[in-house]
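Chemist: After the structure tokens below, expect a handful of questions from me.
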Amino acid sequence: MLAFLVVFALVPLVVPALTRRLGRRVFPVIALIPAAAFVFTLTQTPKILAGSAPTEVIPWIPQLEMSFAVRVDTLSWLLALIVTGIGALVLVYCAWYFTDAEEGLGRFASVLLAFTGTMYGLVIADDVFLLFIFWEATSVFSYLLIGHYTGRRASRVAALQALIVTTAGGLVMLVGLVMLAVPAGTSRLSDLVAMAQDGRLDLAAPLVTTAVILVLVGALSKSAIIPFHFWLPAAMAAPTPVSAYLHAAAMVQAGIYLVARLAPGFSATPGWHPLLLGLGLATMLVGGWRALRQNDLKLLLAYGTVSQLGFLIVVTGFGTRTAALAGVALLLAHALFKAALFLVVGIIDHRAGTRDLRKLSGLGREAPVLAIVGMLSVLSMAGVPFTAGFVAKEAVLAGFLGAAQGAGGAGPGSAAGWIALVGVALGSTLTVAYSARFLWGAFARKKGVEKVRPVHESVSFLAAPAILAVSGIVLAPLFRLVGDLLAGYPNRFPPDAHDYHLGLWHGFDGALLVSTFTLLAGLTLFWARTSVSTAQAKLPPIVNTSELYGRTMTGLDRLAARVTSATQRGSLPFYLSIILLTLVGTVGATLVMNRTWPAEWRLWDSPAQLVIGGIMAVAAVALTRADKRFAAALLVGVTGYGMAALFAFHGAPDLALTQVLVETVTLIAFVLVLRRLPARLGQTHGSAHRGVRAVVSVSVGLMMAAVAIVALGARTHLPISLALPDLAHDVGHGSNVVNVVLVDVRGWDTLGELSVLIAAATGVASLVFLRSRTDNLPRVPDAVRRSLRSRLRPVRETVSAEYVPGVKDPSTRNAWLLAGLKLAPENRSILLEVVIRLLFHAVVVVSVFILFAGHNSPGGGFAGGLVAGLALAGRYLAGGRYELGAAAPVDAGRLLGVGLLLAAGTAVTPLFFGAHALTSAWFDATIPVLGHIEFTTSTIFDVGVYLVVIGMVLDVLRSLGAEVDRQQEEASDELEEGSTI
């Protein structure tokens with residue numbers, strides 16, 4: 001079973017390419033996959049009859065007892081046969097429905113096959129979270145299938161509507177599944193139902209009751225039950241094969257399946273029967289009533305499907321053995337006749353060019369085989385004797401009659417039985433009426449309507465609907481055998497007063513009497529269709545949920561527009577105020593409700609902390625009074641350096657070193673950005689509402705102080721950090737706890753942070769580069785280099801006059817930073833050039849030392865990378881973008897990629913040796929000259945961090961520095977050209 005799921009997942013990926021070669025002939029080819037799954041499911045019949053349930057399990061998250069668990073019992077066996085068998089027939093049908101010129105044919109074929117596999121996975125899934133994944137996947141695939149005609153607005157709107165309704169219901173269902181699975185200690189669906197059956201789950205408990213109701217909301221939304229029914233008729237904008245499969249035998253059956261799956265254990269849950277009985281009967285009556293008004297054959301079937309889904313919800317959720325048997329029989333019968341009828345409508349549309357029953361006349365004589373196929377399906381839908389639909393409806397009526405009479409005390413009680421019986425009888429009357437309307441509208445000869453001259457199609461086009469329609473007739477006398485095959489499901493319910501079995505004839509009983517009444521009443525309604533139509537026109541709809549949905553979505557759009565216009569003002573202070581006020585409101589409310597304030601407050605550990613804190617506070621206050629941006633940036637840096645000092649005083653030199661380096665790099669980035677901004681704050685946009693800003697700032701400061709006090713006083717046990725030194729030494733073979741934790745103990749976190757760094761650096765560069773993002777930094781061309789040397793010649797001649805024997809001729813010496821000559825004289829600093837030239841290589845060596853020493857001493861890849869980045873920043877600040885190109889003739893993107901590859905490779909490699917990811921190996925040896933050497937493989941991870949940090953700094957320097965310089969030079973050149981002209 002899991003192998004079939006893998007095939008269903010992989011084959012759709014190659015279907016578009018296959019379609020380009022085969023065209024519409026691809027459909028019979030890919031139909032072989034669901035056909036093979038159908039045959040495989042049939043081979044499991046002996047096991048199903050024996051009462052066993054084939055199960056396959058692959059562990060997924062063992063800690064949470066979650067697994068890829070699939071299981072086939074009687075119910076899932078039946079649904080698997082339906083979704084694979086009808087899926088294969090619909091795929092074959094598509095070969096004649098579409099043409100090779102159909103736009104998006106490959107995409108459609110791929111998605112339809114993927115949907116078939118998803119439905120197959122849904123009905124065999126035994127883990128509730130795996131079921132939810134398939135559940136939501138069907139919503140996504142149905143969105144793509146309904147919206148196949150992308151150029152039509154109706155298709156796009158209908159697809160989005162179906163997606164929103166079913167996905168929202170699925171999310172509600174997920175909450176219910178979590179509420180069920182977590183307290184029960186298992187996510188296996190079969191186990192949850194069994195626990196409910198044997199009393200291990202208290203169905204009256206508020207948590208369980210709420211969870212079950214939430215799950216039912218998801219089932220009702222998927223099966224288009226009131227108030228969610230409106231999305232199904234709108235989905236008729238999809239191609240007819242989609243309607244025949246998704247909206248007759250697959251997707252809409254998912255909700256019915258879930259109700260049937262839960263019913264053996266949870267039908268006694270408070271609220272179960274009122275919810276399903278009330279909404280199911282309302283849906284059956286509303287759908288049938290609306291079907292009588294439709295002139296489009298496809299819409300008529302759509303509302304008829306809504307009605308039948310309400311019927312199925314009532315039956316499968318009723319909770320008695322006879323109703324359960326009738327429910328699975330009705331599931332099978334409905335899938336056969338409704339899928340066949342949709343396919344028939346597709347052929348009618350192809351042959352006559354219309355689905356409007358007011359424009360169809362005489363098609364029955366022109367296409368007699370098609371008319372026979374349609375008639376057989378309609379008879380089964382109406383529940384006429386000797387059809388599968390009749391057998392299923394008789395079983396339903398018998399079950400409700402027994403419950404109404406309180407036979408044997410079984411069932412939910414006589415009141416519910418009478419309500420269900422009367423409601424189903426009225427709904428079945430409407431079913432007969434719209435069935436007759438369909439048959440008459442599609443095939444009858446009508447006065448005053450021009451006779452249809454159909455385009456003759458291939459006989460093969462009729463194969464799929466013919467097989468389905470004939471199956472509904474052939475299975476009718478065999479339903480006693482079908483009942484035996486399906487007995488495993490109803491036997492899970494308490495026995496009724498009498499052992500009901502499926503069959504064509506049960507004598508002249510109450511069920512036959514009610515069935516006869518529905519047939520006669522329904523035909524009467526059809527005969528008086530003109531009067532009924534007039535009465536319907538006079539009756540306004542009580543609740544138009546489709547209109548309610550439209551108004552809701554329009555209201556949400558307007559609300560979103562107003563909220564956006566009110567909040568997205570383009571003002572950074574406003575955005576920060578909203579964020580900070582939200583923080584104060586949420587966290588502040590939590591603090592107000594806090595009842596565990598610490599009894600003792602310790603303001604500081606040493607006077608040095610007070611001094612440092614005072615300096616930081618003074619800098620923060622001065623920052624609010626600063627009128628120049630550069631001064632503000634420096635004052636912001638004071639708080640960062642102050643934090644580094646606090647780390648140092650608390651015995652954390654590694655954190656202090658990293659904080660200093662980060663603050664320095666951040667300050668450089670500030671300076672690079674400030675070059676493009678006015679020197680003074682408020683020069684372009686003055687500060688407004690300073691009082692409000694002060695209140696917000698003070699509120700946040702006081703709240704964070706209170707949070708720190710409460711957090712420090714809330715601890716009741718020793719922190720786990722006390723064990724980190726031993727853990728770092730024993731597991732990571734290192735003495736620097738911080739570095740070992742980053743690259744070994746919590747390596748996955750670091751790997752994720754590296755990905756964030758790369759994304760941030762790439763994002764900054766992509767925003768700054770105007771044309772194309774390139775790593776080609778400017779170099780000093782040879783011609784320019786010669787020109788620069790010629791400019792230095794007077795200086796060389798002066799120095800040569802003071803030539804001292806034994807000393808190298810200064811005229812042959814290079815400049816300290818040759819690229820610095822590209823800078824304007826007022827922007828050059830000879831002292832800075834000399835210092836950078838002398839320190840650059842030493843700083844790079846220091847960065848490498850910090851990298852490799854970080855495992856046991858302060859440092860590591862992150863700190864080492866920042867030191868190397870500062871060296872590159874110094875070269876850029878001293879000599880400009882040409883000097884940066886000379887200092888780092890390397891692609892920053894490659895550094896980022898290689899670094900991430902090293903880190904990820906170190907994490908994954910242990911898996912190939914049977915160990916857990918990020919498991920480190922440790923080596924030590926004594927080497928002549930070098931002495932005792934220790935090496936751990938986590939150092940390779942640290943080298944990856946080192947390269948990523950260098951690449952990030954280089955990317956920032958290239959974008960905020962070199963690229964901004966280039967843009968400024970181009971702007972200056974354009975300004976000079978304009979002034980010359």
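Every chain in the structure tokens has a letter given in the order shown (A, B, ...), and although residue numbers restart at 1 in each chain, ligands are simply numbered from 1 in the order shown.
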Write out as an NGL selection string each polymer residue whose atoms come within 10 Å of Ser380 (chain A), counting only C-alpha atoms; drop sequence neighbours fewer than 6 positions from it.

Modeler: :A and (333-334 or 336-338 or 386-393 or 435 or 469 or 472-473 or 476)

Chemist: Neighbours of Ala35 (chain A) within 12 Å (only C-alpha atoms; same-chain residues fewer than 5 positions away dropped), as a short mmCIF file (atom, residue, chain, number, x, y, z; two decimals) with C-alpha atoms, in the first residue's frame?

Modeler:
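Okay, this is what ended up in result36.cif:
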data_model
loop_
_atom_site.label_atom_id
_atom_site.label_comp_id
_atom_site.auth_asym_id
_atom_site.auth_seq_id
_atom_site.Cartn_x
_atom_site.Cartn_y
_atom_site.Cartn_z
CA PHE A 4 1.39 2.49 -4.33
CA PHE A 8 1.11 7.97 -7.00
CA PRO A 28 -5.21 5.45 -20.60
CA VAL A 29 -1.54 4.99 -19.77
CA ILE A 30 -1.70 6.66 -16.36
CA PHE A 40 -4.41 -4.99 -5.51
CA THR A 41 -7.26 -3.96 -3.22
CA LEU A 42 -9.40 -6.78 -4.63
CA ALA A 80 -10.34 2.23 -1.85
CA LEU A 81 -12.18 0.21 -4.51
CA ILE A 82 -14.44 3.19 -5.26
CA VAL A 83 -11.70 5.82 -5.58
CA THR A 84 -9.32 3.64 -7.60
CA GLY A 85 -11.91 1.94 -9.80
CA ILE A 86 -13.88 5.05 -10.69
CA GLY A 87 -10.64 7.03 -10.86
CA ALA A 88 -9.27 4.67 -13.52
CA LEU A 89 -12.52 4.89 -15.55
CA VAL A 90 -12.59 8.70 -15.37
CA LEU A 91 -8.98 8.88 -16.54
CA VAL A 92 -9.83 6.69 -19.54
CA LEU A 113 -3.58 11.35 -11.05
CA THR A 116 -6.44 9.91 -7.15
CA GLY A 117 -3.41 8.86 -5.13
CA TYR A 120 -6.40 6.49 -1.93
#

Chemist: Using DSSP assignments from the backbone, pull out every residue in region 161-399 of chain A that falls under helix (DSSP H, G or I) and give it to me as a PyMOL selection string.

Modeler: chain A and resi 161-184+189-197+206-222+231-237+240-246+251-266+272-291+297-316+321-352+363-366+368-382+388-399

Chemist: In Å, rounded to a single decimal, give me how far CA of Gly747 (chain A) is from CA of Ala917 (chain A).

Modeler: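 Going from CA of Ala917 (chain A) over to CA of Gly747 (chain A) covers 9.3 Å.
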
Chemist: At a cut-off of 12 Å, using only C-alpha atoms, what residues contact region 495-499 of chain A? Leave out same-chain residues fewer than 2 positions from it and give the result as a PyMOL selection string.

Modeler: chain A and resi 264+319-325+395+398-403+405-412+483+487+490-493+501-502

Chemist: What is the distance between CA of Ala511 (chain A) and CA of Tyr303 (chain A), in Å to one decimal?

Modeler: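 Separating CA of Ala511 (chain A) from CA of Tyr303 (chain A) is a distance of 25.6 Å.
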
Chemist: For Gly255 (chain A), please output as a list in words all residues within 7 Å (counting only C-alpha atoms; exclusion window: fewer than 5 positions along the same chain).

Modeler: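 The contact residues come out as Ala219, Leu220, Lys222 and Ser223 of chain A.
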
Chemist: Taking C-alpha atoms for each residue, export the selection above as a short mmCIF file (atom, residue, chain, number, x, y, z; two decimals), in the first residue's frame.

Modeler:
data_model
loop_
_atom_site.label_atom_id
_atom_site.label_comp_id
_atom_site.auth_asym_id
_atom_site.auth_seq_id
_atom_site.Cartn_x
_atom_site.Cartn_y
_atom_site.Cartn_z
CA ALA A 219 -16.24 16.44 7.65
CA LEU A 220 -19.32 18.60 7.00
CA LYS A 222 -15.66 18.62 2.90
CA SER A 223 -18.97 16.93 2.07
#
